[in-house]
$ cat upload_21.cif   # mmCIF, C-alpha atoms
data_input
#
loop_
_atom_site.label_atom_id
_atom_site.label_comp_id
_atom_site.auth_asym_id
_atom_site.auth_seq_id
_atom_site.Cartn_x
_atom_site.Cartn_y
_atom_site.Cartn_z
CA MET G 1 183.02 -37.41 101.37
CA THR G 2 182.76 -40.75 103.09
CA GLY G 3 186.49 -41.41 103.05
CA ASN G 4 185.80 -44.91 101.82
CA ARG G 5 187.86 -46.27 99.00
CA ARG G 6 188.22 -49.64 97.39
CA ILE G 7 191.48 -51.36 96.60
CA LEU G 8 191.84 -54.43 94.42
CA GLY G 9 194.90 -56.43 95.54
CA ILE G 10 196.35 -58.95 93.09
CA ASP G 11 198.91 -61.73 93.58
CA PRO G 12 199.46 -62.80 89.97
CA ALA G 13 200.66 -66.16 88.65
CA LEU G 14 199.82 -68.23 85.61
CA THR G 15 198.29 -71.20 87.44
CA THR G 16 196.69 -69.48 90.46
CA THR G 17 196.12 -65.75 90.74
CA GLY G 18 194.77 -64.50 94.06
CA TYR G 19 192.69 -61.35 94.23
CA ALA G 20 190.86 -59.42 96.94
CA VAL G 21 188.74 -56.28 97.01
CA VAL G 22 189.21 -54.40 100.25
CA ALA G 23 187.32 -51.33 101.44
CA ALA G 24 189.16 -48.84 103.64
CA ASP G 25 187.19 -46.32 105.65
CA SER G 26 188.28 -42.88 106.79
CA ARG G 27 189.71 -44.29 110.02
CA GLY G 28 191.93 -46.69 108.08
CA SER G 29 189.86 -49.77 108.97
CA VAL G 30 189.73 -52.35 106.25
CA SER G 31 187.05 -54.86 105.34
CA LEU G 32 186.95 -57.61 102.73
CA LEU G 33 184.34 -57.19 99.97
CA GLU G 34 185.45 -60.05 97.77
CA GLY G 35 188.29 -62.50 97.52
CA GLY G 36 188.99 -65.34 95.16
CA LEU G 37 191.35 -67.43 93.10
CA ILE G 38 191.64 -67.57 89.35
CA ARG G 39 192.87 -71.01 88.39
CA THR G 40 193.95 -71.96 84.88
CA LYS G 41 194.71 -75.40 83.51
CA PRO G 42 198.26 -76.25 82.44
CA THR G 43 196.73 -78.25 79.59
CA ASP G 44 195.03 -75.18 78.12
CA ALA G 45 196.77 -73.01 75.52
CA LEU G 46 198.67 -70.05 76.96
CA GLU G 47 196.38 -67.58 75.14
CA GLN G 48 193.35 -69.17 76.82
CA ARG G 49 194.94 -69.07 80.27
CA LEU G 50 195.86 -65.39 79.89
CA LYS G 51 192.34 -64.64 78.64
CA THR G 52 190.89 -66.29 81.76
CA ILE G 53 193.09 -64.21 84.09
CA ASN G 54 192.43 -60.94 82.27
CA GLY G 55 188.72 -61.66 81.77
CA THR G 56 188.06 -62.56 85.42
CA LEU G 57 189.89 -59.49 86.74
CA THR G 58 188.03 -57.32 84.21
CA GLU G 59 184.74 -58.65 85.62
CA VAL G 60 185.86 -58.06 89.22
CA ILE G 61 186.81 -54.46 88.33
CA GLU G 62 183.46 -53.89 86.60
CA GLU G 63 181.54 -55.26 89.57
CA PHE G 64 183.44 -53.67 92.45
CA GLU G 65 184.79 -50.53 90.76
CA PRO G 66 188.02 -50.27 92.78
CA ASP G 67 189.68 -46.84 92.98
CA GLU G 68 193.13 -48.36 92.76
CA VAL G 69 194.87 -51.63 92.07
CA ALA G 70 197.83 -52.86 94.15
CA ILE G 71 199.91 -55.71 92.76
CA GLU G 72 203.01 -57.70 93.69
CA ASP G 73 206.10 -56.15 92.20
CA LEU G 74 208.90 -57.72 90.23
CA HIS G 75 210.81 -59.84 92.63
CA SER G 76 213.57 -62.29 92.93
CA ARG G 77 211.89 -65.46 94.10
CA TYR G 78 212.13 -66.79 90.55
CA ARG G 79 215.56 -68.24 90.01
CA ASN G 80 214.78 -69.45 86.55
CA LEU G 81 214.37 -67.13 83.56
CA LYS G 82 211.60 -69.14 81.96
CA THR G 83 209.51 -69.11 85.14
CA ALA G 84 210.14 -65.39 85.54
CA ILE G 85 209.01 -64.63 82.00
CA ILE G 86 205.86 -66.74 82.42
CA MET G 87 205.06 -64.92 85.67
CA GLY G 88 205.50 -61.70 83.68
CA HIS G 89 202.81 -62.84 81.21
CA ALA G 90 200.26 -63.31 84.01
CA ARG G 91 201.24 -60.05 85.67
CA GLY G 92 201.04 -58.22 82.33
CA VAL G 93 197.45 -59.26 81.60
CA ALA G 94 196.45 -58.52 85.22
CA ILE G 95 197.86 -54.98 84.96
CA LEU G 96 196.19 -54.61 81.56
CA ALA G 97 192.77 -55.32 83.13
CA ALA G 98 193.33 -52.27 85.37
CA GLY G 99 194.76 -50.15 82.54
CA SER G 100 191.82 -50.91 80.26
CA ALA G 101 189.42 -49.78 82.99
CA GLY G 102 191.46 -46.64 83.72
CA VAL G 103 192.32 -47.73 87.25
CA PRO G 104 195.82 -46.72 88.43
CA VAL G 105 198.18 -49.51 89.45
CA HIS G 106 200.63 -49.49 92.37
CA HIS G 107 203.46 -51.99 92.76
CA TYR G 108 204.77 -53.39 96.04
CA GLN G 109 207.68 -55.70 96.79
CA PRO G 110 206.59 -58.86 98.67
CA ALA G 111 209.00 -58.18 101.55
CA ARG G 112 207.51 -54.71 102.03
CA VAL G 113 203.99 -56.16 102.10
CA LYS G 114 204.99 -58.75 104.69
CA SER G 115 206.80 -56.21 106.79
CA ILE G 116 203.86 -53.77 106.83
CA VAL G 117 201.13 -56.37 107.27
CA ALA G 118 202.77 -59.00 109.49
CA GLY G 119 205.61 -57.04 111.06
CA SER G 120 208.41 -58.95 109.33
CA GLY G 121 209.69 -59.03 105.75
CA ARG G 122 210.22 -62.75 106.23
CA ALA G 123 206.72 -63.61 107.52
CA ASP G 124 205.66 -67.05 106.32
CA LYS G 125 202.31 -67.94 104.76
CA ALA G 126 200.69 -68.92 108.06
CA GLN G 127 201.74 -65.62 109.65
CA MET G 128 200.38 -63.67 106.67
CA LYS G 129 197.04 -65.46 106.84
CA ARG G 130 196.77 -64.77 110.56
CA ALA G 131 197.82 -61.12 110.20
CA VAL G 132 195.45 -60.23 107.35
CA SER G 133 192.53 -62.10 108.93
CA MET G 134 193.08 -60.15 112.15
CA ARG G 135 193.28 -56.84 110.28
CA LEU G 136 190.00 -57.66 108.54
CA GLY G 137 188.36 -58.58 111.87
CA LEU G 138 187.42 -62.04 110.59
CA SER G 139 186.37 -64.66 113.11
CA THR G 140 187.84 -67.44 110.98
CA GLU G 141 191.13 -67.20 109.14
CA ILE G 142 191.29 -66.88 105.36
CA ASP G 143 192.30 -70.35 104.24
CA LYS G 144 193.81 -69.66 100.80
CA ASP G 145 197.41 -68.45 100.75
CA ASP G 146 197.02 -66.54 97.48
CA VAL G 147 193.88 -64.73 98.63
CA ALA G 148 195.59 -63.79 101.90
CA ASP G 149 198.55 -62.45 99.89
CA ALA G 150 196.20 -60.39 97.71
CA VAL G 151 194.52 -58.96 100.83
CA GLY G 152 197.96 -58.21 102.25
CA ILE G 153 198.96 -56.26 99.12
CA ALA G 154 195.76 -54.21 99.32
CA ILE G 155 196.27 -53.50 103.06
CA CYS G 156 199.90 -52.53 102.36
CA HIS G 157 198.67 -49.99 99.81
CA VAL G 158 196.17 -48.51 102.30
CA HIS G 159 198.94 -48.23 104.88
CA VAL G 160 201.50 -46.68 102.52
CA THR G 161 199.13 -44.13 100.99
CA GLY G 162 197.61 -43.23 104.34
CA VAL G 163 194.28 -41.75 105.29
CA PRO G 164 194.77 -38.06 104.52
CA GLN G 165 191.57 -36.87 106.26
CA ASN G 166 192.48 -38.34 109.61
CA ILE G 167 196.21 -38.23 110.10
CA MET R 1 189.75 -73.14 48.52
CA THR R 2 192.26 -70.49 47.55
CA GLY R 3 194.99 -71.86 49.77
CA ASN R 4 195.66 -68.35 51.01
CA ARG R 5 196.13 -67.78 54.69
CA ARG R 6 197.19 -64.87 56.79
CA ILE R 7 199.76 -64.97 59.56
CA LEU R 8 200.37 -62.20 62.07
CA GLY R 9 204.00 -62.29 63.21
CA ILE R 10 204.89 -60.50 66.46
CA ASP R 11 208.26 -59.57 67.96
CA PRO R 12 207.13 -58.32 71.39
CA ALA R 13 208.92 -55.90 73.70
CA LEU R 14 207.74 -53.20 76.08
CA THR R 15 209.30 -50.24 74.26
CA THR R 16 209.06 -51.37 70.62
CA THR R 17 206.92 -54.26 69.42
CA GLY R 18 207.26 -55.19 65.75
CA TYR R 19 204.37 -56.80 63.89
CA ALA R 20 203.70 -57.94 60.35
CA VAL R 21 200.74 -59.49 58.56
CA VAL R 22 201.89 -61.87 55.85
CA ALA R 23 199.73 -63.69 53.30
CA ALA R 24 200.90 -67.12 52.12
CA ASP R 25 199.42 -68.57 48.93
CA SER R 26 199.00 -72.21 48.02
CA ARG R 27 202.46 -72.32 46.44
CA GLY R 28 204.06 -71.13 49.69
CA SER R 29 204.80 -67.63 48.33
CA VAL R 30 204.52 -64.91 50.92
CA SER R 31 203.56 -61.27 50.60
CA LEU R 32 203.45 -58.46 53.13
CA LEU R 33 200.01 -56.97 53.84
CA GLU R 34 200.97 -54.77 56.76
CA GLY R 35 203.93 -54.13 58.98
CA GLY R 36 204.55 -51.69 61.76
CA LEU R 37 206.00 -50.81 65.13
CA ILE R 38 204.17 -50.19 68.37
CA ARG R 39 206.21 -47.76 70.43
CA THR R 40 205.45 -46.93 74.04
CA LYS R 41 206.95 -44.19 76.18
CA PRO R 42 209.10 -45.12 79.19
CA THR R 43 207.56 -42.15 80.98
CA ASP R 44 204.04 -43.59 80.69
CA ALA R 45 202.60 -45.85 83.40
CA LEU R 46 203.11 -49.57 82.78
CA GLU R 47 199.34 -50.14 82.54
CA GLN R 48 199.12 -47.53 79.76
CA ARG R 49 202.03 -49.04 77.83
CA LEU R 50 200.51 -52.53 78.01
CA LYS R 51 197.14 -51.12 76.93
CA THR R 52 198.79 -49.54 73.86
CA ILE R 53 200.44 -52.83 72.85
CA ASN R 54 197.32 -54.92 73.40
CA GLY R 55 195.00 -52.32 71.83
CA THR R 56 197.07 -51.85 68.67
CA LEU R 57 197.41 -55.60 68.09
CA THR R 58 193.67 -56.02 68.72
CA GLU R 59 193.00 -53.46 65.97
CA VAL R 60 195.44 -55.17 63.57
CA ILE R 61 193.71 -58.52 64.21
CA GLU R 62 190.26 -56.97 63.63
CA GLU R 63 191.37 -55.34 60.39
CA PHE R 64 193.40 -58.16 58.83
CA GLU R 65 191.72 -61.21 60.41
CA PRO R 66 194.82 -63.43 60.55
CA ASP R 67 194.23 -67.20 60.69
CA GLU R 68 197.14 -67.67 63.07
CA VAL R 69 199.58 -65.69 65.19
CA ALA R 70 203.29 -66.54 65.35
CA ILE R 71 205.35 -64.99 68.14
CA GLU R 72 208.90 -65.07 69.47
CA ASP R 73 209.28 -67.72 72.13
CA LEU R 74 210.80 -67.46 75.57
CA HIS R 75 214.48 -67.10 75.07
CA SER R 76 217.70 -66.54 76.81
CA ARG R 77 218.90 -63.22 75.49
CA TYR R 78 217.75 -61.61 78.73
CA ARG R 79 220.42 -62.06 81.34
CA ASN R 80 218.61 -60.03 83.90
CA LEU R 81 215.49 -61.24 85.71
CA LYS R 82 213.82 -57.84 85.79
CA THR R 83 214.22 -57.37 82.03
CA ALA R 84 212.95 -60.89 81.40
CA ILE R 85 209.84 -60.32 83.51
CA ILE R 86 209.12 -57.00 81.79
CA MET R 87 209.48 -58.69 78.39
CA GLY R 88 206.99 -61.26 79.67
CA HIS R 89 204.46 -58.50 80.38
CA ALA R 90 204.62 -57.27 76.77
CA ARG R 91 204.49 -60.80 75.40
CA GLY R 92 201.55 -61.65 77.67
CA VAL R 93 199.34 -58.80 76.44
CA ALA R 94 200.33 -59.54 72.82
CA ILE R 95 199.28 -63.18 73.21
CA LEU R 96 196.10 -62.04 74.96
CA ALA R 97 195.13 -59.96 71.89
CA ALA R 98 195.17 -63.19 69.87
CA GLY R 99 193.43 -65.22 72.58
CA SER R 100 190.62 -62.66 72.94
CA ALA R 101 190.00 -62.86 69.18
CA GLY R 102 190.11 -66.67 69.19
CA VAL R 103 193.22 -66.82 66.99
CA PRO R 104 195.62 -69.69 67.81
CA VAL R 105 199.17 -68.73 68.79
CA HIS R 106 202.39 -70.51 67.78
CA HIS R 107 205.73 -69.93 69.48
CA TYR R 108 209.14 -69.99 67.79
CA GLN R 109 212.64 -69.69 69.20
CA PRO R 110 214.60 -66.81 67.63
CA ALA R 111 217.42 -69.13 66.53
CA ARG R 112 214.95 -71.34 64.71
CA VAL R 113 213.43 -68.33 62.94
CA LYS R 114 216.87 -67.13 61.84
CA SER R 115 217.90 -70.57 60.71
CA ILE R 116 214.77 -71.10 58.61
CA VAL R 117 214.57 -67.59 57.17
CA ALA R 118 218.23 -66.62 56.75
CA GLY R 119 219.95 -70.00 56.73
CA SER R 120 221.78 -69.52 60.03
CA GLY R 121 220.65 -69.50 63.64
CA ARG R 122 223.18 -66.72 64.20
CA ALA R 123 222.07 -64.44 61.38
CA ASP R 124 222.48 -60.80 62.33
CA LYS R 125 219.89 -58.06 61.89
CA ALA R 126 221.20 -56.98 58.47
CA GLN R 127 221.06 -60.56 57.20
CA MET R 128 217.52 -60.97 58.52
CA LYS R 129 216.34 -57.78 56.81
CA ARG R 130 217.90 -58.88 53.51
CA ALA R 131 216.49 -62.41 53.77
CA VAL R 132 212.91 -61.45 54.59
CA SER R 133 212.86 -58.65 52.01
CA MET R 134 214.02 -61.13 49.36
CA ARG R 135 211.38 -63.68 50.43
CA LEU R 136 208.72 -61.00 50.13
CA GLY R 137 209.98 -59.96 46.68
CA LEU R 138 210.44 -56.37 47.80
CA SER R 139 212.52 -54.05 45.61
CA THR R 140 213.74 -52.12 48.65
CA GLU R 141 214.69 -53.69 51.96
CA ILE R 142 212.52 -53.37 55.06
CA ASP R 143 214.34 -50.78 57.14
CA LYS R 144 213.06 -51.54 60.63
CA ASP R 145 214.73 -54.41 62.47
CA ASP R 146 211.68 -55.25 64.57
CA VAL R 147 209.34 -55.34 61.57
CA ALA R 148 211.80 -57.58 59.73
CA ASP R 149 211.92 -59.88 62.77
CA ALA R 150 208.10 -60.03 62.86
CA VAL R 151 208.01 -60.90 59.15
CA GLY R 152 210.66 -63.54 59.79
CA ILE R 153 208.56 -65.14 62.54
CA ALA R 154 205.53 -65.26 60.22
CA ILE R 155 207.57 -66.77 57.37
CA CYS R 156 209.05 -69.32 59.78
CA HIS R 157 205.53 -70.39 60.73
CA VAL R 158 204.53 -70.77 57.06
CA HIS R 159 207.62 -72.88 56.48
CA VAL R 160 207.16 -75.08 59.54
CA THR R 161 203.45 -75.73 59.02
CA GLY R 162 203.88 -76.28 55.28
CA VAL R 163 201.47 -75.94 52.41
CA PRO R 164 199.50 -79.19 52.63
CA GLN R 165 197.81 -78.88 49.23
CA ASN R 166 201.04 -78.65 47.31
CA ILE R 167 203.71 -80.72 48.96
#
$ encode --input "upload_21.cif" --output "structure tokens"
Amino acid sequence: MTGNRRILGIDPALTTTGYAVVAADSRGSVSLLEGGLIRTKPTDALEQRLKTINGTLTEVIEEFEPDEVAIEDLHSRYRNLKTAIIMGHARGVAILAAGSAGVPVHHYQPARVKSIVAGSGRADKAQMKRAVSMRLGLSTEIDKDDVADAVGIAICHVHVTGVPQNI
Amino acid sequence: MTGNRRILGIDPALTTTGYAVVAADSRGSVSLLEGGLIRTKPTDALEQRLKTINGTLTEVIEEFEPDEVAIEDLHSRYRNLKTAIIMGHARGVAILAAGSAGVPVHHYQPARVKSIVAGSGRADKAQMKRAVSMRLGLSTEIDKDDVADAVGIAICHVHVTGVPQNI
């Protein structure tokens, strides 16, 4: 057993979904295999936008074969019901991509991710980018907020589930 | 041209999704081809529940080849953000089933459906079941609320989009 596992982190939203595939070795070190944004056009029909999100994540799962998916949980940053329901649509088709591939899904509250990754549940976007880039050992910081958030969710999952062989 | 078209009506929810395939002829008469409920277990993982909803609707679309899908719109009956987001998950994977098959999706507010089908935006479930059963010419009433709602959404779409050949 190599101890390596792959985690797909997802920060879902209808317009811009961030995703990142992170590998964790048996010492708990993490490295970034792939990160990207799925953008959909507000002028496209909702069914097309959801198909783009689900289809892209399905391709990422086929290519990188993650062992687990970690995704942002239900949260309270949406004050408006309509926005919350729309976010639910994007999250639903993202989770479905994992379910269809038989990959288990784990849910994390944003404040927990920030606390574990950046040391504070109130870390801002700049702090999250710095923290995840440092954890990945990157010489230049990740420049996309949503990719950094997706990396953060994956790192949070690695931290929470531990490295059983080496603790 | 026969003037016949098929509409798949969907009343989405995580635990029980109602669906109905309705055929509308060139005179605007509607008949029920198929109706059913998709039930998912609260004890199953969310990704499995969403897969069941999306997979069943995908099969219904493959079998009945509807020309259009009509679905309940965002609405305000959810007072709680968490419930609203969860409803969004179910609705998202239902819409995705249509999008993946290239079937256009139309959205209707529940009050509009009730008003068009039962004559009042505040029609209760018993009134909706009676109204849709009568419109379908059934000798016995549809007994499932969620199937009746799905039929109602399909009938609403037929009414709203009209029968161009015969008006």
$ interface_residues --input "upload_21.cif" --of "chain R" --to "chain G" --cutoff "9 Å" --atoms "only C-alpha atoms" --output "MDAnalysis selection string"
chainID R and resid 45:51 54 74:76 78:93 95:100 102:105
$ residues_around --input "upload_21.cif" --residues "range 20-33 of chain R" --least-positions-apart "5" --cutoff "8 Å" --atoms "all atoms listed in the file" --output "list in words"
Thr2, Gly3, Asn4, Arg5, Arg6, Ile7, Leu8, Gly9, Ile10, Phe64, Pro66, Arg135, Leu136, Gly137, Val147, Ala150, Val151, Ala154, Ile155, Val158, His159, Gly162, Val163, Gln165 and Asn166 of chain R
$ atom_distance --input "upload_21.cif" --atom1 "CA of Leu57 in chain R" --atom2 "CA of Val132 in chain R"
21.4 Å
$ resolve_selection --input "upload_21.cif" --expression "the PyMOL selection byres ((chain R and resi 111) around 12)" --output "NGL selection string"
:R and (72-77 or 108-110 or 112-124 or 128 or 149 or 152-153 or 156)
$ atom_distance --input "upload_21.cif" --atom1 "CA of Arg130 in chain R" --atom2 "CA of Asp143 in chain R"
9.6 Å
$ atom_distance --input "upload_21.cif" --atom1 "CA of Leu14 in chain R" --atom2 "CA of Thr40 in chain R"
7.0 Å
$ build_atoms --input "upload_21.cif" --residues "range 20-31 of chain R" --atoms "all heavy atoms" --output "PDB file, in the coordinates of the input"
ATOM      1  N   ALA R  20     203.816 -57.847  61.805  1.00  0.00           N
ATOM      2  CA  ALA R  20     203.700 -57.940  60.350  1.00  0.00           C
ATOM      3  C   ALA R  20     202.605 -58.935  60.003  1.00  0.00           C
ATOM      4  O   ALA R  20     202.534 -60.010  60.606  1.00  0.00           O
ATOM      5  CB  ALA R  20     205.022 -58.387  59.742  1.00  0.00           C
ATOM      6  N   VAL R  21     201.753 -58.560  59.067  1.00  0.00           N
ATOM      7  CA  VAL R  21     200.740 -59.490  58.560  1.00  0.00           C
ATOM      8  C   VAL R  21     201.209 -59.958  57.180  1.00  0.00           C
ATOM      9  O   VAL R  21     201.440 -59.150  56.285  1.00  0.00           O
ATOM     10  CB  VAL R  21     199.350 -58.839  58.433  1.00  0.00           C
ATOM     11  CG1 VAL R  21     198.326 -59.885  58.000  1.00  0.00           C
ATOM     12  CG2 VAL R  21     198.938 -58.187  59.742  1.00  0.00           C
ATOM     13  N   VAL R  22     201.368 -61.259  57.072  1.00  0.00           N
ATOM     14  CA  VAL R  22     201.890 -61.870  55.850  1.00  0.00           C
ATOM     15  C   VAL R  22     200.816 -62.791  55.281  1.00  0.00           C
ATOM     16  O   VAL R  22     200.149 -63.503  56.027  1.00  0.00           O
ATOM     17  CB  VAL R  22     203.178 -62.666  56.203  1.00  0.00           C
ATOM     18  CG1 VAL R  22     203.569 -63.619  55.106  1.00  0.00           C
ATOM     19  CG2 VAL R  22     204.314 -61.705  56.547  1.00  0.00           C
ATOM     20  N   ALA R  23     200.641 -62.743  53.951  1.00  0.00           N
ATOM     21  CA  ALA R  23     199.730 -63.690  53.300  1.00  0.00           C
ATOM     22  C   ALA R  23     200.583 -64.757  52.616  1.00  0.00           C
ATOM     23  O   ALA R  23     201.597 -64.442  51.995  1.00  0.00           O
ATOM     24  CB  ALA R  23     198.871 -62.973  52.265  1.00  0.00           C
ATOM     25  N   ALA R  24     200.175 -66.016  52.780  1.00  0.00           N
ATOM     26  CA  ALA R  24     200.900 -67.120  52.120  1.00  0.00           C
ATOM     27  C   ALA R  24     199.923 -67.782  51.164  1.00  0.00           C
ATOM     28  O   ALA R  24     198.803 -68.133  51.553  1.00  0.00           O
ATOM     29  CB  ALA R  24     201.378 -68.120  53.171  1.00  0.00           C
ATOM     30  N   ASP R  25     200.337 -67.930  49.890  1.00  0.00           N
ATOM     31  CA  ASP R  25     199.420 -68.570  48.930  1.00  0.00           C
ATOM     32  C   ASP R  25     199.671 -70.073  48.882  1.00  0.00           C
ATOM     33  O   ASP R  25     200.508 -70.604  49.612  1.00  0.00           O
ATOM     34  CB  ASP R  25     199.501 -67.899  47.550  1.00  0.00           C
ATOM     35  CG  ASP R  25     200.807 -68.195  46.837  1.00  0.00           C
ATOM     36  OD1 ASP R  25     201.546 -69.114  47.280  1.00  0.00           O
ATOM     37  OD2 ASP R  25     201.091 -67.522  45.845  1.00  0.00           O
ATOM     38  N   SER R  26     198.940 -70.745  48.031  1.00  0.00           N
ATOM     39  CA  SER R  26     199.000 -72.210  48.020  1.00  0.00           C
ATOM     40  C   SER R  26     200.333 -72.740  47.497  1.00  0.00           C
ATOM     41  O   SER R  26     200.645 -73.910  47.673  1.00  0.00           O
ATOM     42  CB  SER R  26     197.849 -72.769  47.175  1.00  0.00           C
ATOM     43  OG  SER R  26     197.939 -72.244  45.867  1.00  0.00           O
ATOM     44  N   ARG R  27     201.137 -71.881  46.895  1.00  0.00           N
ATOM     45  CA  ARG R  27     202.460 -72.320  46.440  1.00  0.00           C
ATOM     46  C   ARG R  27     203.528 -72.044  47.515  1.00  0.00           C
ATOM     47  O   ARG R  27     204.702 -72.307  47.302  1.00  0.00           O
ATOM     48  CB  ARG R  27     202.841 -71.588  45.151  1.00  0.00           C
ATOM     49  CG  ARG R  27     201.974 -71.991  43.944  1.00  0.00           C
ATOM     50  CD  ARG R  27     202.151 -70.990  42.806  1.00  0.00           C
ATOM     51  NE  ARG R  27     201.697 -69.662  43.208  1.00  0.00           N
ATOM     52  CZ  ARG R  27     202.413 -68.545  43.098  1.00  0.00           C
ATOM     53  NH1 ARG R  27     203.641 -68.588  42.606  1.00  0.00           N
ATOM     54  NH2 ARG R  27     201.918 -67.386  43.490  1.00  0.00           N
ATOM     55  N   GLY R  28     203.089 -71.429  48.628  1.00  0.00           N
ATOM     56  CA  GLY R  28     204.060 -71.130  49.690  1.00  0.00           C
ATOM     57  C   GLY R  28     204.678 -69.749  49.532  1.00  0.00           C
ATOM     58  O   GLY R  28     205.542 -69.372  50.312  1.00  0.00           O
ATOM     59  N   SER R  29     204.272 -68.995  48.494  1.00  0.00           N
ATOM     60  CA  SER R  29     204.800 -67.630  48.330  1.00  0.00           C
ATOM     61  C   SER R  29     204.200 -66.731  49.397  1.00  0.00           C
ATOM     62  O   SER R  29     203.020 -66.867  49.739  1.00  0.00           O
ATOM     63  CB  SER R  29     204.422 -67.056  46.968  1.00  0.00           C
ATOM     64  OG  SER R  29     205.039 -67.785  45.961  1.00  0.00           O
ATOM     65  N   VAL R  30     205.001 -65.811  49.879  1.00  0.00           N
ATOM     66  CA  VAL R  30     204.520 -64.910  50.920  1.00  0.00           C
ATOM     67  C   VAL R  30     204.548 -63.461  50.448  1.00  0.00           C
ATOM     68  O   VAL R  30     205.417 -63.068  49.661  1.00  0.00           O
ATOM     69  CB  VAL R  30     205.371 -65.054  52.221  1.00  0.00           C
ATOM     70  CG1 VAL R  30     205.061 -66.360  52.921  1.00  0.00           C
ATOM     71  CG2 VAL R  30     206.848 -64.929  51.919  1.00  0.00           C
ATOM     72  N   SER R  31     203.563 -62.700  50.898  1.00  0.00           N
ATOM     73  CA  SER R  31     203.560 -61.270  50.600  1.00  0.00           C
ATOM     74  C   SER R  31     203.189 -60.504  51.867  1.00  0.00           C
ATOM     75  O   SER R  31     202.524 -61.034  52.762  1.00  0.00           O
ATOM     76  CB  SER R  31     202.578 -60.953  49.467  1.00  0.00           C
ATOM     77  OG  SER R  31     201.287 -61.409  49.809  1.00  0.00           O
TER      78      SER R  31
END
